[in-house]
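Quick look at input37.cif (mmCIF, C-alpha atoms and all ligand atoms):
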```
data_my_file
#
loop_
_atom_site.label_atom_id
_atom_site.label_comp_id
_atom_site.auth_asym_id
_atom_site.auth_seq_id
_atom_site.Cartn_x
_atom_site.Cartn_y
_atom_site.Cartn_z
CA MET A 545 -11.36 -11.41 -15.36
CA ALA A 546 -13.75 -9.13 -13.45
CA SER A 547 -12.44 -6.14 -11.53
CA HIS A 548 -13.18 -5.49 -7.86
CA SER A 549 -14.71 -2.23 -6.68
CA VAL A 550 -13.63 -0.50 -3.50
CA SER A 551 -17.01 -1.39 -1.95
CA GLU A 552 -15.84 -5.03 -1.98
CA MET A 553 -12.80 -4.11 0.17
CA LEU A 554 -13.93 -4.70 3.75
CA PRO A 555 -12.80 -1.97 6.17
CA VAL A 556 -10.93 -2.91 9.32
CA SER A 557 -14.02 -2.04 11.37
CA LEU A 558 -15.97 -4.81 9.61
CA LEU A 559 -13.03 -7.23 9.65
CA TYR A 560 -13.08 -6.99 13.46
CA LYS A 561 -16.84 -7.48 13.58
CA GLN A 562 -16.57 -10.57 11.36
CA GLY A 563 -13.67 -11.99 13.37
CA GLU A 564 -11.31 -11.74 10.39
CA LEU A 565 -9.07 -9.52 12.52
CA ARG A 566 -8.48 -10.01 16.21
CA PRO A 567 -7.26 -7.51 18.82
CA SER A 568 -3.51 -7.74 19.30
CA ARG A 569 -2.15 -9.30 22.48
CA LEU A 570 0.90 -7.09 22.09
CA PRO A 571 0.88 -3.52 23.45
CA PRO A 572 -0.51 -1.06 20.88
CA ILE A 573 1.93 1.21 19.06
CA PRO A 574 2.07 4.77 20.49
CA GLY A 575 -0.57 6.77 18.60
CA ALA A 576 -2.57 3.68 17.65
CA SER A 577 -6.32 4.29 17.48
CA SER A 578 -9.60 3.10 15.99
CA ALA A 579 -10.21 6.51 14.39
CA HIS A 580 -9.46 5.31 10.85
CA ASN A 581 -10.89 1.78 10.98
CA HIS A 582 -13.63 2.74 8.51
CA ARG A 583 -11.03 4.00 5.98
CA ILE A 584 -8.45 1.21 6.14
CA SER A 585 -9.00 -2.02 4.20
CA LEU A 586 -7.04 -5.21 3.75
CA HIS A 587 -7.42 -7.22 0.54
CA ARG A 588 -5.59 -10.29 -0.68
CA GLY A 589 -5.43 -10.51 -4.46
CA ASP A 590 -4.18 -9.11 -7.74
CA ILE A 591 -3.86 -5.32 -7.47
CA THR A 592 -4.34 -4.98 -11.25
CA LYS A 593 -8.00 -5.99 -10.80
CA LEU A 594 -8.91 -3.20 -8.39
CA SER A 595 -11.11 -0.38 -9.69
CA VAL A 596 -9.89 2.16 -7.15
CA ASP A 597 -8.74 5.71 -7.93
CA ALA A 598 -5.05 4.75 -7.73
CA ILE A 599 -2.97 1.64 -7.32
CA VAL A 600 0.60 1.93 -6.02
CA ASN A 601 3.16 -0.06 -7.97
CA ALA A 602 6.42 -1.39 -6.51
CA ALA A 603 8.63 -0.11 -9.31
CA ASN A 604 12.36 0.27 -9.88
CA SER A 605 14.17 3.53 -10.48
CA SER A 606 13.96 3.20 -14.27
CA LEU A 607 10.13 3.09 -14.11
CA LEU A 608 10.31 0.92 -17.23
CA GLY A 609 8.75 -2.21 -15.73
CA GLY A 610 10.16 -5.42 -14.37
CA GLY A 611 8.89 -8.56 -12.69
CA GLY A 612 6.55 -9.03 -9.73
CA VAL A 613 3.74 -6.54 -9.30
CA ASP A 614 5.53 -4.10 -11.64
CA GLY A 615 5.37 -6.66 -14.43
CA ALA A 616 1.74 -7.51 -13.69
CA ILE A 617 0.73 -3.83 -13.79
CA HIS A 618 2.55 -3.15 -17.05
CA ARG A 619 1.10 -6.29 -18.67
CA ALA A 620 -2.44 -5.39 -17.62
CA ALA A 621 -2.11 -1.69 -18.50
CA GLY A 622 -0.72 -2.32 -21.97
CA PRO A 623 2.19 -0.67 -23.83
CA GLU A 624 0.97 2.90 -23.39
CA LEU A 625 1.96 2.74 -19.70
CA ARG A 626 5.62 2.11 -20.55
CA GLN A 627 5.45 4.80 -23.22
CA GLU A 628 4.33 7.34 -20.60
CA CYS A 629 6.91 6.07 -18.12
CA GLN A 630 9.63 6.64 -20.70
CA THR A 631 8.85 10.38 -20.55
CA LEU A 632 9.34 10.59 -16.77
CA GLY A 633 13.12 10.30 -16.57
CA GLY A 634 13.07 7.62 -13.87
CA CYS A 635 12.46 8.06 -10.14
CA ARG A 636 14.79 7.97 -7.14
CA THR A 637 14.45 5.40 -4.35
CA GLY A 638 11.97 6.56 -1.72
CA SER A 639 10.00 8.63 -4.14
CA ALA A 640 7.08 8.05 -6.53
CA LYS A 641 5.58 9.36 -9.77
CA ILE A 642 2.03 9.19 -11.16
CA THR A 643 0.84 8.05 -14.59
CA GLY A 644 -2.35 7.11 -16.37
CA ALA A 645 -3.72 3.58 -15.97
CA TYR A 646 -4.70 2.83 -19.59
CA GLN A 647 -6.27 -0.67 -19.77
CA LEU A 648 -6.27 -1.12 -15.98
CA PRO A 649 -9.63 -0.69 -14.17
CA CYS A 650 -8.15 1.96 -11.82
CA LYS A 651 -7.81 5.63 -12.78
CA LYS A 652 -4.12 6.25 -12.04
CA VAL A 653 -0.93 4.33 -11.20
CA ILE A 654 1.48 5.71 -8.64
CA HIS A 655 4.92 4.15 -9.19
CA ALA A 656 6.84 4.04 -5.90
CA VAL A 657 10.49 2.99 -5.85
CA GLY A 658 11.15 1.07 -2.66
CA PRO A 659 14.54 0.27 -1.17
CA ILE A 660 16.42 -2.96 -1.66
CA TYR A 661 16.47 -4.07 1.99
CA ASN A 662 19.91 -3.41 3.50
CA GLN A 663 20.56 -5.55 6.58
CA GLN A 664 23.57 -3.34 7.38
CA ASP A 665 21.40 -0.23 7.39
CA PRO A 666 17.83 -1.08 8.47
CA ALA A 667 17.20 2.51 9.53
CA GLY A 668 18.12 3.75 6.07
CA SER A 669 15.86 1.15 4.46
CA GLU A 670 13.05 2.18 6.80
CA ALA A 671 13.42 5.85 5.89
CA TYR A 672 13.18 5.06 2.17
CA LEU A 673 10.13 2.82 2.66
CA ARG A 674 8.34 5.38 4.82
CA SER A 675 9.01 7.98 2.16
CA CYS A 676 7.45 5.75 -0.52
CA TYR A 677 4.17 5.55 1.41
CA ASP A 678 4.16 9.20 2.42
CA THR A 679 5.00 10.46 -1.07
CA SER A 680 2.38 8.20 -2.67
CA LEU A 681 -0.29 9.50 -0.28
CA ARG A 682 0.70 13.12 -0.98
CA ILE A 683 0.56 12.52 -4.73
CA ALA A 684 -2.91 10.93 -4.35
CA VAL A 685 -4.20 13.95 -2.39
CA GLU A 686 -2.63 16.43 -4.84
CA ASN A 687 -4.44 14.63 -7.67
CA ASN A 688 -7.78 14.58 -5.82
CA LEU A 689 -7.74 10.77 -5.60
CA GLU A 690 -9.78 9.38 -2.70
CA THR A 691 -9.25 5.61 -2.85
CA ILE A 692 -5.73 4.18 -3.06
CA ALA A 693 -4.49 0.58 -2.98
CA PHE A 694 -0.89 -0.18 -1.99
CA SER A 695 1.05 -3.24 -3.03
CA ALA A 696 3.47 -4.42 -0.33
CA ILE A 697 6.39 -2.33 -1.55
CA SER A 698 9.86 -3.93 -1.36
CA THR A 699 8.65 -7.19 0.22
CA GLY A 700 9.33 -9.28 -2.89
CA VAL A 701 12.51 -9.09 -4.97
CA TYR A 702 13.78 -6.25 -2.78
CA GLY A 703 13.76 -8.51 0.26
CA TYR A 704 12.16 -6.29 2.90
CA PRO A 705 11.03 -8.43 5.86
CA SER A 706 7.22 -8.60 5.68
CA MET A 707 6.53 -7.79 9.33
CA ASP A 708 8.83 -4.76 9.37
CA ALA A 709 7.41 -3.52 6.06
CA ALA A 710 3.82 -3.92 7.27
CA HIS A 711 4.63 -1.97 10.44
CA ILE A 712 6.19 0.87 8.42
CA ALA A 713 3.27 0.92 5.98
CA CYS A 714 0.66 1.03 8.77
CA ASP A 715 2.56 3.58 10.86
CA THR A 716 3.11 5.94 7.92
CA VAL A 717 -0.49 5.67 6.68
CA ARG A 718 -1.93 6.14 10.20
CA LYS A 719 0.16 9.26 10.80
CA PHE A 720 -0.85 10.66 7.40
CA LEU A 721 -4.53 10.07 8.18
CA ASP A 722 -4.06 11.73 11.59
CA SER A 723 -2.81 14.85 9.77
CA ASP A 724 -4.91 17.48 7.99
CA ALA A 725 -3.36 16.32 4.72
CA GLY A 726 -5.21 13.02 5.01
CA ALA A 727 -8.69 14.53 5.39
CA THR A 728 -9.80 13.96 1.79
CA LEU A 729 -8.71 10.28 1.57
CA GLN A 730 -11.68 7.90 1.80
CA THR A 731 -10.11 4.43 1.57
CA ILE A 732 -6.58 3.08 1.82
CA VAL A 733 -6.31 -0.60 0.87
CA PHE A 734 -3.32 -2.70 1.88
CA VAL A 735 -3.10 -5.34 -0.85
CA THR A 736 -1.35 -8.58 -0.01
CA PHE A 737 -0.49 -11.35 -2.40
CA GLU A 738 1.79 -13.95 -0.80
CA ARG A 739 0.94 -15.73 2.45
CA LYS A 740 3.84 -14.13 4.34
CA ASP A 741 2.37 -10.68 3.79
CA VAL A 742 -1.20 -11.76 4.57
CA ASP A 743 0.08 -13.09 7.92
CA ALA A 744 2.15 -9.98 8.58
CA TYR A 745 -0.75 -7.56 8.06
CA ARG A 746 -3.12 -9.64 10.18
CA ILE A 747 -0.64 -9.28 13.05
CA ILE A 748 0.43 -5.69 12.46
CA ILE A 749 -2.85 -3.97 11.54
CA PRO A 750 -4.43 -4.54 15.01
CA ARG A 751 -1.38 -2.90 16.62
CA HIS A 752 -1.98 0.34 14.69
CA PHE A 753 -5.71 0.30 13.98
CA THR A 754 -7.12 -0.98 17.27
CA PRO A 755 -10.69 -2.23 17.75
CA ALA A 756 -13.09 0.53 18.80
CA THR A 757 -14.21 0.22 22.39
CA ASP A 758 -17.76 -0.30 21.09
CA GLY A 759 -16.37 -3.11 18.89
CA ALA A 760 -16.60 -1.09 15.67
N1 LIG B 801 -0.91 -7.90 -7.07
C1 LIG B 801 -0.59 -7.49 -5.81
N2 LIG B 801 0.61 -7.73 -5.24
C2 LIG B 801 1.51 -8.43 -5.97
C3 LIG B 801 1.25 -8.88 -7.29
C4 LIG B 801 -0.03 -8.59 -7.83
N3 LIG B 801 -0.39 -8.96 -9.07
N4 LIG B 801 2.37 -9.54 -7.75
C5 LIG B 801 3.27 -9.51 -6.75
N5 LIG B 801 2.76 -8.86 -5.68
C6 LIG B 801 3.39 -8.56 -4.39
C7 LIG B 801 4.51 -9.47 -3.96
O1 LIG B 801 3.99 -10.65 -3.38
C8 LIG B 801 5.20 -8.57 -2.92
O2 LIG B 801 4.52 -8.69 -1.68
O3 LIG B 801 4.00 -7.28 -4.50
C9 LIG B 801 4.98 -7.15 -3.46
C10 LIG B 801 6.22 -6.49 -4.03
O4 LIG B 801 7.06 -7.48 -4.61
P1 LIG B 801 7.83 -7.19 -5.99
O5 LIG B 801 6.85 -7.04 -7.08
O6 LIG B 801 8.90 -8.21 -6.12
O7 LIG B 801 8.48 -5.74 -5.77
P2 LIG B 801 9.70 -5.30 -4.84
O8 LIG B 801 10.03 -6.27 -3.79
O9 LIG B 801 9.36 -3.89 -4.44
O10 LIG B 801 10.90 -5.28 -5.88
C11 LIG B 801 10.84 -4.33 -6.92
O11 LIG B 801 11.06 -6.00 -8.59
O12 LIG B 801 9.53 -6.37 -10.22
C12 LIG B 801 10.71 -5.74 -9.94
O13 LIG B 801 10.69 -3.83 -11.39
C13 LIG B 801 10.58 -4.25 -10.04
O14 LIG B 801 12.94 -3.95 -9.91
C14 LIG B 801 11.73 -3.82 -9.18
C15 LIG B 801 11.68 -4.84 -8.05
#
```

Could the structure of this file be written out as structure tokens, please?
Amino acid sequence: MASHSVSEMLPVSLLYKQGELRPSRLPPIPGASSAHNHRISLHRGDITKLSVDAIVNAANSSLLGGGGVDGAIHRAAGPELRQECQTLGGCRTGSAKITGAYQLPCKKVIHAVGPIYNQQDPAGSEAYLRSCYDTSLRIAVENNLETIAFSAISTGVYGYPSMDAAHIACDTVRKFLDSDAGATLQTIVFVTFERKDVDAYRIIIPRHFTPATDGA
């Protein structure tokens, strides 16, 4: 099946113009702005088809594959991905490690290990999830990668509520782009797959990445 280039990922600025995204009726999050609307994209589909610099996998601490997006990435990449992962010695929750992409159309895979959502400790779960996004962005910048597509980490098997996860993803990415460290990143794509995450991002994105006053 054909891959999708980053030019096919519509930025938030265009999604507003086309009415795909609407301004939020809720008060914007402190620090929300339109400054990054040209660099943030939202795409529903199979992350293994994206020919971006890096895709971010929702892995487990073994880094040896599994179900969900992890399974899809390993299947599409081929056996060499697991062979490289076997040399990495696993990865702790909240962190991430980078590998080659092999038969995938992207250049690199960043394997982030999200938290299993803990209803008794939502703050702890949030800290781990924030760290996954922040660490993945830092690894992308350190490896001179400019376009990065995130799967919705922890929102499947690991049970993270989609709205909360989308808020954490958007907040962490926005703050990273506000910092000097984010200057070299060109495009960050939030990739959704199931309806619940599509709905969550359509509600949450406008609270963080607000329409420009000139509508852009
Ligand atoms: N492309 C993009 N997103 C996908 C794809 C795909 N091909 N397949 C699934 N997803 C989405 C799911 O809909 C969910 O929103 O990825 C998100 C993460 O869900 P999971 O893959 O279940 O990952 P997670 O919840 O982080 O649980 C990780 O599951 O697969 C195992 O090895 C993995 O043990 C780890 C655990």

So how far away is atom CA of Pro666 of chain A from atom CA of Val653 of chain A, in Å?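 According to the coordinates, atom CA of Val653 of chain A and atom CA of Pro666 of chain A are separated by 27.7 Å.
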
At most 10 Å is the cut-off: for each residue in chain A with any atom that close to an atom of ligand LIG 801 (chain B), write down the nearest atom pair and the distance in Å rounded to one decimal, counting all atoms listed in the file, chain first then increasing number, as a Markdown table.
```
| residue | atom | partner | partner_atom | distance |
| --- | --- | --- | --- | --- |
| A:His587 | CA | B:LIG801 | C1 | 9.3 |
| A:Arg588 | CA | B:LIG801 | C1 | 7.7 |
| A:Gly589 | CA | B:LIG801 | N1 | 5.8 |
| A:Asp590 | CA | B:LIG801 | N1 | 3.6 |
| A:Ile591 | CA | B:LIG801 | N1 | 3.9 |
| A:Thr592 | CA | B:LIG801 | N3 | 6.0 |
| A:Lys593 | CA | B:LIG801 | N1 | 8.2 |
| A:Leu594 | CA | B:LIG801 | N1 | 9.4 |
| A:Ile599 | CA | B:LIG801 | C1 | 9.6 |
| A:Val600 | CA | B:LIG801 | C1 | 9.5 |
| A:Asn601 | CA | B:LIG801 | O5 | 7.9 |
| A:Ala602 | CA | B:LIG801 | O9 | 4.4 |
| A:Ala603 | CA | B:LIG801 | C13 | 4.6 |
| A:Asn604 | CA | B:LIG801 | C14 | 4.2 |
| A:Ser605 | CA | B:LIG801 | O14 | 7.6 |
| A:Ser606 | CA | B:LIG801 | O13 | 8.3 |
| A:Leu607 | CA | B:LIG801 | O13 | 7.5 |
| A:Leu608 | CA | B:LIG801 | O13 | 7.5 |
| A:Gly609 | CA | B:LIG801 | O13 | 5.0 |
| A:Gly610 | CA | B:LIG801 | O13 | 3.4 |
| A:Gly611 | CA | B:LIG801 | O12 | 3.4 |
| A:Gly612 | CA | B:LIG801 | O5 | 3.3 |
| A:Val613 | CA | B:LIG801 | N4 | 3.6 |
| A:Asp614 | CA | B:LIG801 | O12 | 4.8 |
| A:Gly615 | CA | B:LIG801 | O12 | 5.9 |
| A:Ala616 | CA | B:LIG801 | N3 | 5.3 |
| A:Ile617 | CA | B:LIG801 | N3 | 7.1 |
| A:His618 | CA | B:LIG801 | O13 | 9.9 |
| A:Ala620 | CA | B:LIG801 | N3 | 9.5 |
| A:Ala656 | CA | B:LIG801 | O9 | 8.4 |
| A:Val657 | CA | B:LIG801 | O9 | 7.1 |
| A:Gly658 | CA | B:LIG801 | O9 | 5.6 |
| A:Pro659 | CA | B:LIG801 | O9 | 7.4 |
| A:Ile660 | CA | B:LIG801 | O10 | 7.3 |
| A:Tyr661 | CA | B:LIG801 | O8 | 8.9 |
| A:Leu673 | CA | B:LIG801 | O9 | 9.8 |
| A:Ala693 | CA | B:LIG801 | C1 | 9.4 |
| A:Phe694 | CA | B:LIG801 | C1 | 8.3 |
| A:Ser695 | CA | B:LIG801 | N2 | 5.0 |
| A:Ala696 | CA | B:LIG801 | C9 | 4.4 |
| A:Ile697 | CA | B:LIG801 | O9 | 4.4 |
| A:Ser698 | CA | B:LIG801 | O9 | 3.1 |
| A:Thr699 | CA | B:LIG801 | O8 | 4.3 |
| A:Gly700 | CA | B:LIG801 | O8 | 3.2 |
| A:Val701 | CA | B:LIG801 | O6 | 3.9 |
| A:Tyr702 | CA | B:LIG801 | O8 | 3.9 |
| A:Gly703 | CA | B:LIG801 | O8 | 5.9 |
| A:Tyr704 | CA | B:LIG801 | O8 | 7.0 |
| A:Pro705 | CA | B:LIG801 | O8 | 9.9 |
| A:Ser706 | CA | B:LIG801 | O2 | 7.8 |
| A:Ala709 | CA | B:LIG801 | O2 | 9.7 |
| A:Phe734 | CA | B:LIG801 | C1 | 9.5 |
| A:Val735 | CA | B:LIG801 | C1 | 6.0 |
| A:Thr736 | CA | B:LIG801 | N2 | 5.6 |
| A:Phe737 | CA | B:LIG801 | O1 | 4.6 |
| A:Glu738 | CA | B:LIG801 | O1 | 4.7 |
| A:Arg739 | CA | B:LIG801 | O1 | 8.3 |
| A:Lys740 | CA | B:LIG801 | O2 | 8.1 |
| A:Asp741 | CA | B:LIG801 | O2 | 6.2 |
| A:Val742 | CA | B:LIG801 | O2 | 9.0 |
```

May I have the residues at most 7 Å from (1.1, 3.2, -13.2) in the file's coordinates, counting all atoms listed in the file, as a short mmCIF file (atom, residue, chain, number, x, y, z; two decimals) with C-alpha atoms, in the frame of the given file?
```
data_model
loop_
_atom_site.label_atom_id
_atom_site.label_comp_id
_atom_site.auth_asym_id
_atom_site.auth_seq_id
_atom_site.Cartn_x
_atom_site.Cartn_y
_atom_site.Cartn_z
CA ASN A 601 3.16 -0.06 -7.97
CA LEU A 625 1.96 2.74 -19.70
CA ILE A 642 2.03 9.19 -11.16
CA THR A 643 0.84 8.05 -14.59
CA GLY A 644 -2.35 7.11 -16.37
CA ALA A 645 -3.72 3.58 -15.97
CA LYS A 652 -4.12 6.25 -12.04
CA VAL A 653 -0.93 4.33 -11.20
CA ILE A 654 1.48 5.71 -8.64
CA HIS A 655 4.92 4.15 -9.19
#
```

List every protein, DNA or RNA residue that has an atom no more than 7 Å from (-10.3, -5.2, 13.0) in the file's coordinate frame, counting only C-alpha atoms, and report them as a short mmCIF file (atom, residue, chain, number, x, y, z; two decimals) with C-alpha atoms, in the frame of the given file.
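Output saved as selection35.cif:
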```cif
data_model
loop_
_atom_site.label_atom_id
_atom_site.label_comp_id
_atom_site.auth_asym_id
_atom_site.auth_seq_id
_atom_site.Cartn_x
_atom_site.Cartn_y
_atom_site.Cartn_z
CA VAL A 556 -10.93 -2.91 9.32
CA SER A 557 -14.02 -2.04 11.37
CA LEU A 558 -15.97 -4.81 9.61
CA LEU A 559 -13.03 -7.23 9.65
CA TYR A 560 -13.08 -6.99 13.46
CA LYS A 561 -16.84 -7.48 13.58
CA LEU A 565 -9.07 -9.52 12.52
CA ARG A 566 -8.48 -10.01 16.21
CA PRO A 567 -7.26 -7.51 18.82
CA PRO A 750 -4.43 -4.54 15.01
CA THR A 754 -7.12 -0.98 17.27
CA PRO A 755 -10.69 -2.23 17.75
#
```

Go ahead and compute the interatomic distance for atom CA of Ser585 of chain A and atom CA of Val733 of chain A, in Å to one decimal.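 These atoms are spaced 4.5 Å apart.
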
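For the set A:Arg636, A:Arg674, A:Lys651, A:Arg718, the residue with the smallest atom-to-atom gap to Ile692 of chain A is A:Lys651, counting only C-alpha atoms.
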
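When only C-alpha atoms are used to compute distances to Val685 of chain A, the closest of the residues A:Gly563, A:Pro623, A:Glu628, A:Leu721 turns out to be A:Leu721.
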